[in-house]
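The data block below is run_27.cif; it holds mmCIF, C-alpha atoms.
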data_query
loop_
_atom_site.group_PDB
_atom_site.id
_atom_site.type_symbol
_atom_site.label_atom_id
_atom_site.label_comp_id
_atom_site.auth_asym_id
_atom_site.auth_seq_id
_atom_site.Cartn_x
_atom_site.Cartn_y
_atom_site.Cartn_z
ATOM 1 C CA MET A 132 180.944 40.554 -126.217
ATOM 2 C CA PHE A 133 178.288 40.898 -128.854
ATOM 3 C CA GLY A 134 178.584 39.954 -132.489
ATOM 4 C CA SER A 135 176.654 38.598 -135.406
ATOM 5 C CA ILE A 136 176.764 35.588 -137.694
ATOM 6 C CA ASN A 137 175.173 34.730 -141.017
ATOM 7 C CA ASN A 138 175.317 38.263 -142.420
ATOM 8 C CA ILE A 139 172.937 38.614 -145.369
ATOM 9 C CA ASN A 140 171.596 41.293 -147.659
ATOM 10 C CA LEU A 141 169.018 43.245 -145.661
ATOM 11 C CA ARG A 142 166.959 43.970 -148.780
ATOM 12 C CA ASN A 143 166.223 40.258 -149.169
ATOM 13 C CA ILE A 144 164.675 39.648 -145.738
ATOM 14 C CA GLU A 145 161.664 40.631 -143.785
ATOM 15 C CA ILE A 146 162.367 42.360 -140.479
ATOM 16 C CA ASN A 147 161.063 39.838 -137.943
ATOM 17 C CA LYS A 148 160.810 39.772 -134.213
ATOM 18 C CA ILE A 149 163.193 37.518 -132.353
ATOM 19 C CA LYS A 150 161.771 34.012 -132.540
ATOM 20 C CA SER A 151 164.386 31.922 -130.741
ATOM 21 C CA ILE A 152 166.987 32.300 -128.006
ATOM 22 C CA ASN A 153 169.606 29.579 -127.571
ATOM 23 C CA VAL A 154 171.934 29.299 -124.585
ATOM 24 C CA ASP A 155 174.913 26.954 -124.460
ATOM 25 C CA GLY A 156 177.230 26.361 -121.493
ATOM 26 C CA PHE A 157 174.996 25.492 -118.538
ATOM 27 C CA GLU A 158 172.941 22.495 -117.552
ATOM 28 C CA ASN A 159 169.560 22.456 -119.292
ATOM 29 C CA LYS A 160 167.645 23.842 -116.290
ATOM 30 C CA GLU A 161 170.044 26.764 -115.888
ATOM 31 C CA ASN A 162 169.929 27.488 -119.627
ATOM 32 C CA ILE A 163 166.133 27.643 -119.500
ATOM 33 C CA ILE A 164 166.185 30.132 -116.609
ATOM 34 C CA ILE A 165 168.356 32.528 -118.629
ATOM 35 C CA ILE A 166 166.209 32.076 -121.740
ATOM 36 C CA GLU A 167 163.076 32.904 -119.740
ATOM 37 C CA LYS A 168 164.617 36.040 -118.263
ATOM 38 C CA ILE A 169 165.704 37.295 -121.661
ATOM 39 C CA SER A 170 162.306 36.422 -123.152
ATOM 40 C CA ASP A 171 160.666 38.529 -120.439
ATOM 41 C CA LEU A 172 162.382 41.556 -121.935
ATOM 42 C CA LYS A 173 159.859 41.336 -124.804
ATOM 43 C CA LEU A 174 162.610 41.962 -127.314
ATOM 44 C CA ASP A 175 161.615 43.532 -130.612
ATOM 45 C CA ASN A 176 163.307 42.766 -133.928
ATOM 46 C CA ILE A 177 166.944 41.777 -133.940
ATOM 47 C CA PHE A 178 168.186 44.966 -135.606
ATOM 48 C CA PHE A 179 167.164 47.137 -132.662
ATOM 49 C CA LEU A 180 168.270 44.725 -129.957
ATOM 50 C CA ASP A 181 169.202 46.434 -126.687
ATOM 51 C CA SER A 182 172.324 44.464 -125.794
ATOM 52 C CA LYS A 183 172.701 46.267 -122.453
ATOM 53 C CA LYS A 184 169.595 44.552 -121.088
ATOM 54 C CA ILE A 185 170.918 41.102 -122.003
ATOM 55 C CA LYS A 186 174.328 41.980 -120.585
ATOM 56 C CA LYS A 187 172.712 43.011 -117.298
ATOM 57 C CA ILE A 188 170.964 39.631 -116.991
ATOM 58 C CA LEU A 189 174.151 37.676 -117.706
ATOM 59 C CA ASP A 190 176.351 39.821 -115.459
ATOM 60 C CA SER A 191 173.935 39.396 -112.559
ATOM 61 C CA ASN A 192 174.112 35.593 -112.719
ATOM 62 C CA PRO A 193 176.798 34.402 -110.260
ATOM 63 C CA LEU A 194 177.334 31.215 -112.272
ATOM 64 C CA VAL A 195 178.443 33.121 -115.375
ATOM 65 C CA ASP A 196 182.159 33.694 -115.799
ATOM 66 C CA LYS A 197 182.392 34.780 -119.454
ATOM 67 C CA TYR A 198 179.986 34.923 -122.357
ATOM 68 C CA ASP A 199 179.525 35.803 -126.023
ATOM 69 C CA VAL A 200 176.211 36.866 -127.536
ATOM 70 C CA PHE A 201 175.617 36.537 -131.282
ATOM 71 C CA LYS A 202 172.746 37.896 -133.336
ATOM 72 C CA ASN A 203 171.889 35.208 -135.859
ATOM 73 C CA TYR A 204 169.901 36.985 -138.556
ATOM 74 C CA PRO A 205 167.076 37.276 -139.191
ATOM 75 C CA SER A 206 165.413 36.304 -135.917
ATOM 76 C CA SER A 207 167.478 34.374 -133.356
ATOM 77 C CA ILE A 208 170.054 34.958 -130.639
ATOM 78 C CA LYS A 209 172.825 32.529 -129.651
ATOM 79 C CA ILE A 210 174.559 32.873 -126.265
ATOM 80 C CA TYR A 211 177.721 30.967 -125.375
ATOM 81 C CA ILE A 212 178.537 30.895 -121.653
ATOM 82 C CA VAL A 213 181.617 29.811 -119.726
ATOM 83 C CA LYS A 214 180.500 28.683 -116.289
ATOM 84 C CA THR A 215 182.452 29.911 -113.278
ATOM 85 C CA LYS A 216 184.722 27.422 -111.539
ATOM 86 C CA PHE A 217 184.041 26.682 -107.873
ATOM 87 C CA LEU A 218 187.264 27.422 -105.989
ATOM 88 C CA ALA A 219 186.677 27.367 -102.240
ATOM 89 C CA LYS A 220 184.127 27.633 -99.444
ATOM 90 C CA ILE A 221 184.007 30.403 -96.886
ATOM 91 C CA ASN A 222 181.816 31.318 -93.928
ATOM 92 C CA ILE A 223 180.481 34.875 -93.880
ATOM 93 C CA ASP A 224 178.239 35.995 -91.019
ATOM 94 C CA GLY A 225 177.295 32.412 -90.211
ATOM 95 C CA ASN A 226 176.492 31.407 -93.794
ATOM 96 C CA THR A 227 178.642 29.244 -96.047
ATOM 97 C CA PHE A 228 179.287 30.442 -99.595
ATOM 98 C CA ILE A 229 181.317 29.253 -102.542
ATOM 99 C CA ILE A 230 183.830 31.587 -104.161
ATOM 100 C CA GLY A 231 183.698 31.394 -107.954
ATOM 101 C CA SER A 232 186.533 32.088 -110.371
ATOM 102 C CA ASN A 233 184.519 35.148 -111.468
ATOM 103 C CA GLY A 234 184.984 36.648 -108.004
ATOM 104 C CA LYS A 235 181.347 36.237 -107.012
ATOM 105 C CA LEU A 236 179.877 34.470 -103.995
ATOM 106 C CA LEU A 237 177.467 31.620 -104.666
ATOM 107 C CA ASP A 238 175.135 29.673 -102.434
ATOM 108 C CA ASN A 239 176.677 26.509 -101.021
ATOM 109 C CA TYR A 240 175.778 24.079 -103.800
ATOM 110 C CA LEU A 241 175.550 20.344 -103.314
ATOM 111 C CA GLY A 242 178.598 18.479 -104.536
ATOM 112 C CA SER A 243 181.070 21.060 -103.246
ATOM 113 C CA ASP A 244 182.343 18.963 -100.332
ATOM 114 C CA GLU A 245 185.774 18.534 -101.920
ATOM 115 C CA LEU A 246 186.461 22.264 -102.094
ATOM 116 C CA PRO A 247 189.000 23.755 -99.666
ATOM 117 C CA PHE A 248 187.479 25.679 -96.769
ATOM 118 C CA ILE A 249 188.840 29.135 -95.969
ATOM 119 C CA PHE A 250 189.162 30.007 -92.291
ATOM 120 C CA GLY A 251 189.523 33.698 -91.574
ATOM 121 C CA LYS A 252 188.165 36.810 -93.242
ATOM 122 C CA PRO A 253 189.953 37.591 -96.501
ATOM 123 C CA ASN A 254 188.073 39.539 -99.109
ATOM 124 C CA VAL A 255 187.465 37.706 -102.357
ATOM 125 C CA ASP A 256 190.142 39.624 -104.265
ATOM 126 C CA GLU A 257 192.770 38.683 -101.686
ATOM 127 C CA PHE A 258 191.902 35.024 -102.065
ATOM 128 C CA LEU A 259 191.922 35.178 -105.875
ATOM 129 C CA GLU A 260 195.322 36.853 -105.833
ATOM 130 C CA PHE A 261 196.679 34.145 -103.527
ATOM 131 C CA LYS A 262 195.127 31.447 -105.730
ATOM 132 C CA LYS A 263 196.823 32.945 -108.772
ATOM 133 C CA ILE A 264 200.212 32.770 -107.037
ATOM 134 C CA PHE A 265 199.560 29.230 -105.806
ATOM 135 C CA ASP A 266 198.561 28.040 -109.298
ATOM 136 C CA LYS A 267 201.924 29.166 -110.651
ATOM 137 C CA SER A 268 203.715 26.931 -108.142
ATOM 138 C CA LYS A 269 204.352 23.207 -108.515
ATOM 139 C CA PHE A 270 201.723 22.337 -105.928
ATOM 140 C CA GLU A 271 198.363 20.905 -107.003
ATOM 141 C CA TYR A 272 195.351 22.902 -105.832
ATOM 142 C CA ASP A 273 193.135 19.804 -105.718
ATOM 143 C CA GLN A 274 195.360 18.521 -102.884
ATOM 144 C CA VAL A 275 194.512 21.489 -100.649
ATOM 145 C CA LYS A 276 192.176 20.661 -97.769
ATOM 146 C CA ASN A 277 191.931 23.989 -95.899
ATOM 147 C CA LEU A 278 193.259 27.530 -96.135
ATOM 148 C CA TYR A 279 193.840 29.775 -93.127
ATOM 149 C CA TYR A 280 193.955 33.539 -93.521
ATOM 150 C CA PHE A 281 195.313 35.835 -90.811
ATOM 151 C CA PRO A 282 194.814 39.575 -90.134
ATOM 152 C CA SER A 283 198.462 40.120 -91.118
ATOM 153 C CA LYS A 284 197.380 39.029 -94.639
ATOM 154 C CA ARG A 285 199.350 35.813 -94.309
ATOM 155 C CA TRP A 286 198.198 32.324 -95.341
ATOM 156 C CA ASP A 287 198.617 28.786 -94.040
ATOM 157 C CA ILE A 288 197.862 25.810 -96.267
ATOM 158 C CA GLU A 289 196.661 22.441 -94.983
ATOM 159 C CA PHE A 290 196.901 19.616 -97.503
ATOM 160 C CA LYS A 291 194.840 16.450 -97.688
ATOM 161 C CA ASN A 292 197.847 14.468 -96.426
ATOM 162 C CA ASN A 293 197.596 16.633 -93.252
ATOM 163 C CA LYS A 294 200.836 18.508 -93.880
ATOM 164 C CA ILE A 295 200.665 22.226 -93.109
ATOM 165 C CA LEU A 296 202.655 25.050 -94.681
ATOM 166 C CA LYS A 297 202.962 28.328 -92.800
ATOM 167 C CA LEU A 298 203.740 30.953 -95.415
ATOM 168 C CA PRO A 299 205.390 34.358 -94.978
ATOM 169 C CA GLU A 300 203.625 37.647 -95.586
ATOM 170 C CA ARG A 301 205.801 38.469 -98.598
ATOM 171 C CA SER A 302 207.552 36.611 -101.418
ATOM 172 C CA VAL A 303 204.979 33.827 -101.257
ATOM 173 C CA ASP A 304 205.814 32.636 -104.773
ATOM 174 C CA ILE A 305 209.482 32.106 -103.907
ATOM 175 C CA SER A 306 208.582 30.332 -100.668
ATOM 176 C CA LEU A 307 206.189 27.955 -102.405
ATOM 177 C CA ASP A 308 208.808 26.912 -104.945
ATOM 178 C CA TYR A 309 211.347 26.251 -102.222
ATOM 179 C CA LEU A 310 208.874 24.412 -99.982
ATOM 180 C CA PHE A 311 207.784 22.130 -102.811
ATOM 181 C CA GLU A 312 211.335 20.863 -103.239
ATOM 182 C CA PHE A 313 211.652 20.592 -99.479
ATOM 183 C CA LEU A 314 208.519 18.471 -99.085
ATOM 184 C CA ASN A 315 209.631 16.105 -101.805
ATOM 185 C CA ASP A 316 212.824 15.282 -99.936
ATOM 186 C CA LYS A 317 212.329 11.834 -98.384
ATOM 187 C CA LYS A 318 214.367 12.888 -95.342
ATOM 188 C CA PHE A 319 211.449 15.065 -94.258
ATOM 189 C CA SER A 320 208.583 12.703 -95.079
ATOM 190 C CA ASN A 321 207.424 12.550 -91.433
ATOM 191 C CA ILE A 322 207.300 16.306 -90.944
ATOM 192 C CA LYS A 323 203.755 17.618 -90.471
ATOM 193 C CA ILE A 324 204.247 21.379 -90.068
ATOM 194 C CA ILE A 325 206.683 23.432 -92.146
ATOM 195 C CA ASP A 326 207.000 27.009 -90.939
ATOM 196 C CA ALA A 327 208.466 29.474 -93.440
ATOM 197 C CA ARG A 328 207.231 32.668 -91.789
ATOM 198 C CA ILE A 329 210.710 33.915 -90.887
ATOM 199 C CA LYS A 330 212.881 34.990 -93.800
ATOM 200 C CA ASN A 331 215.668 32.543 -94.690
ATOM 201 C CA GLN A 332 214.509 30.058 -92.032
ATOM 202 C CA ILE A 333 212.502 26.830 -92.096
ATOM 203 C CA ILE A 334 211.132 25.523 -88.793
ATOM 204 C CA LEU A 335 209.980 21.917 -88.683
ATOM 205 C CA ASN A 336 207.460 20.290 -86.379
ATOM 206 C CA GLU A 337 206.576 16.597 -86.398
#
Take the structure in the file and write it out as structure tokens.
Amino acid sequence: MFGSINNINLRNIEINKIKSINVDGFENKENIIIIEKISDLKLDNIFFLDSKKIKKILDSNPLVDKYDVFKNYPSSIKIYIVKTKFLAKINIDGNTFIIGSNGKLLDNYLGSDELPFIFGKPNVDEFLEFKKIFDKSKFEYDQVKNLYYFPSKRWDIEFKNNKILKLPERSVDISLDYLFEFLNDKKFSNIKIIDARIKNQIILNE
């Protein structure tokens, strides 16, 4: 989204070229990279700013989730960025990538060891849809160790306490709510695998 701040009477100012570009939302190094790319556009004065070119730069950055660009008259631009959240790791053609909340694949950054690893070959949209359903449940995503995706479009979840949930193909939201209550029953504290693939049945395996 593009907007402007500090609106003033145009008759009282001199039309100047853009003198400063400020980016907020990334680490300093990442901010500088974006500033340099926008500066390379050789932007003219702020009144004839081609916002499509700036949008293209921001949209092409896999770390950017959302952004706002403001023209601060008479000669500066302010960009506010929301950085994408790192959600999971996945192996594609022998290379490990991180899936961002913006739906883009990122290089495997350092410091991502705690992210769940996805085994299988879901497309990104399938994972994001599953994540959305999971986030509405009572389970905590930061307790997920691994995710397993199957050609039938079904998921298994392995938690950091080594318990595994085998989910059905449909009605995943209902199953998650029921399984949460089930796992919190002390009678089943030693159960390691909870299989909910068959409708109206729970199969337990120690």
List the neighbours of Ile249 in chain A out to 8 Å using all atoms listed in the file; skip same-chain residues closer than 2 positions along the sequence, and give me the result as a CSV table (one decimal) with C-alpha atoms, in the coordinates of the input.
chain,number,residue,atom,x,y,z
A,219,ALA,CA,186.7,27.4,-102.2
A,220,LYS,CA,184.1,27.6,-99.4
A,221,ILE,CA,184.0,30.4,-96.9
A,222,ASN,CA,181.8,31.3,-93.9
A,247,PRO,CA,189.0,23.8,-99.7
A,251,GLY,CA,189.5,33.7,-91.6
A,277,ASN,CA,191.9,24.0,-95.9
A,278,LEU,CA,193.3,27.5,-96.1
A,279,TYR,CA,193.8,29.8,-93.1
A,280,TYR,CA,194.0,33.5,-93.5
Near-Pro193 in chain A list (9 Å; only C-alpha atoms; drop same-chain fewer than 5 positions) as an NGL selection string: :A and (215 or 231 or 233-237)
Residues returned when the PyMOL selection byres ((chain A and resi 151-165) around 7) runs on this file, as a list in words: Ile149, Lys150, Ile166, Glu167, Lys168, Ile169, Ser206, Ser207, Ile208, Lys209, Ile210, Tyr211, Ile212, Val213 and Lys214 of chain A
Just to be explicit: take each residue in the selection above, keep C-alpha atoms, and write the result as a PDB file, in the frame of the given file.
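Result saved to selection.pdb:
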ATOM      1  CA  ILE A 149     163.193  37.518-132.353  1.00  0.00           C
ATOM      2  CA  LYS A 150     161.771  34.012-132.540  1.00  0.00           C
ATOM      3  CA  ILE A 166     166.209  32.076-121.740  1.00  0.00           C
ATOM      4  CA  GLU A 167     163.076  32.904-119.740  1.00  0.00           C
ATOM      5  CA  LYS A 168     164.617  36.040-118.263  1.00  0.00           C
ATOM      6  CA  ILE A 169     165.704  37.295-121.661  1.00  0.00           C
ATOM      7  CA  SER A 206     165.413  36.304-135.917  1.00  0.00           C
ATOM      8  CA  SER A 207     167.478  34.374-133.356  1.00  0.00           C
ATOM      9  CA  ILE A 208     170.054  34.958-130.639  1.00  0.00           C
ATOM     10  CA  LYS A 209     172.825  32.529-129.651  1.00  0.00           C
ATOM     11  CA  ILE A 210     174.559  32.873-126.265  1.00  0.00           C
ATOM     12  CA  TYR A 211     177.721  30.967-125.375  1.00  0.00           C
ATOM     13  CA  ILE A 212     178.537  30.895-121.653  1.00  0.00           C
ATOM     14  CA  VAL A 213     181.617  29.811-119.726  1.00  0.00           C
ATOM     15  CA  LYS A 214     180.500  28.683-116.289  1.00  0.00           C
TER      16      LYS A 214
END
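Here CA of Phe270 in chain A and CA of Leu310 in chain A stand 9.5 Å from one another.
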Which of these, A:Leu218, A:Ile185, A:Leu335, A:Ile229, has the shortest distance to Asp273 in chain A once you count all atoms listed in the file?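 Checking each candidate against Asp273 in chain A, we get A:Leu218 as the closest.
In this model, the gap between CA of Phe265 in chain A and CA of Tyr198 in chain A comes to 26.3 Å.
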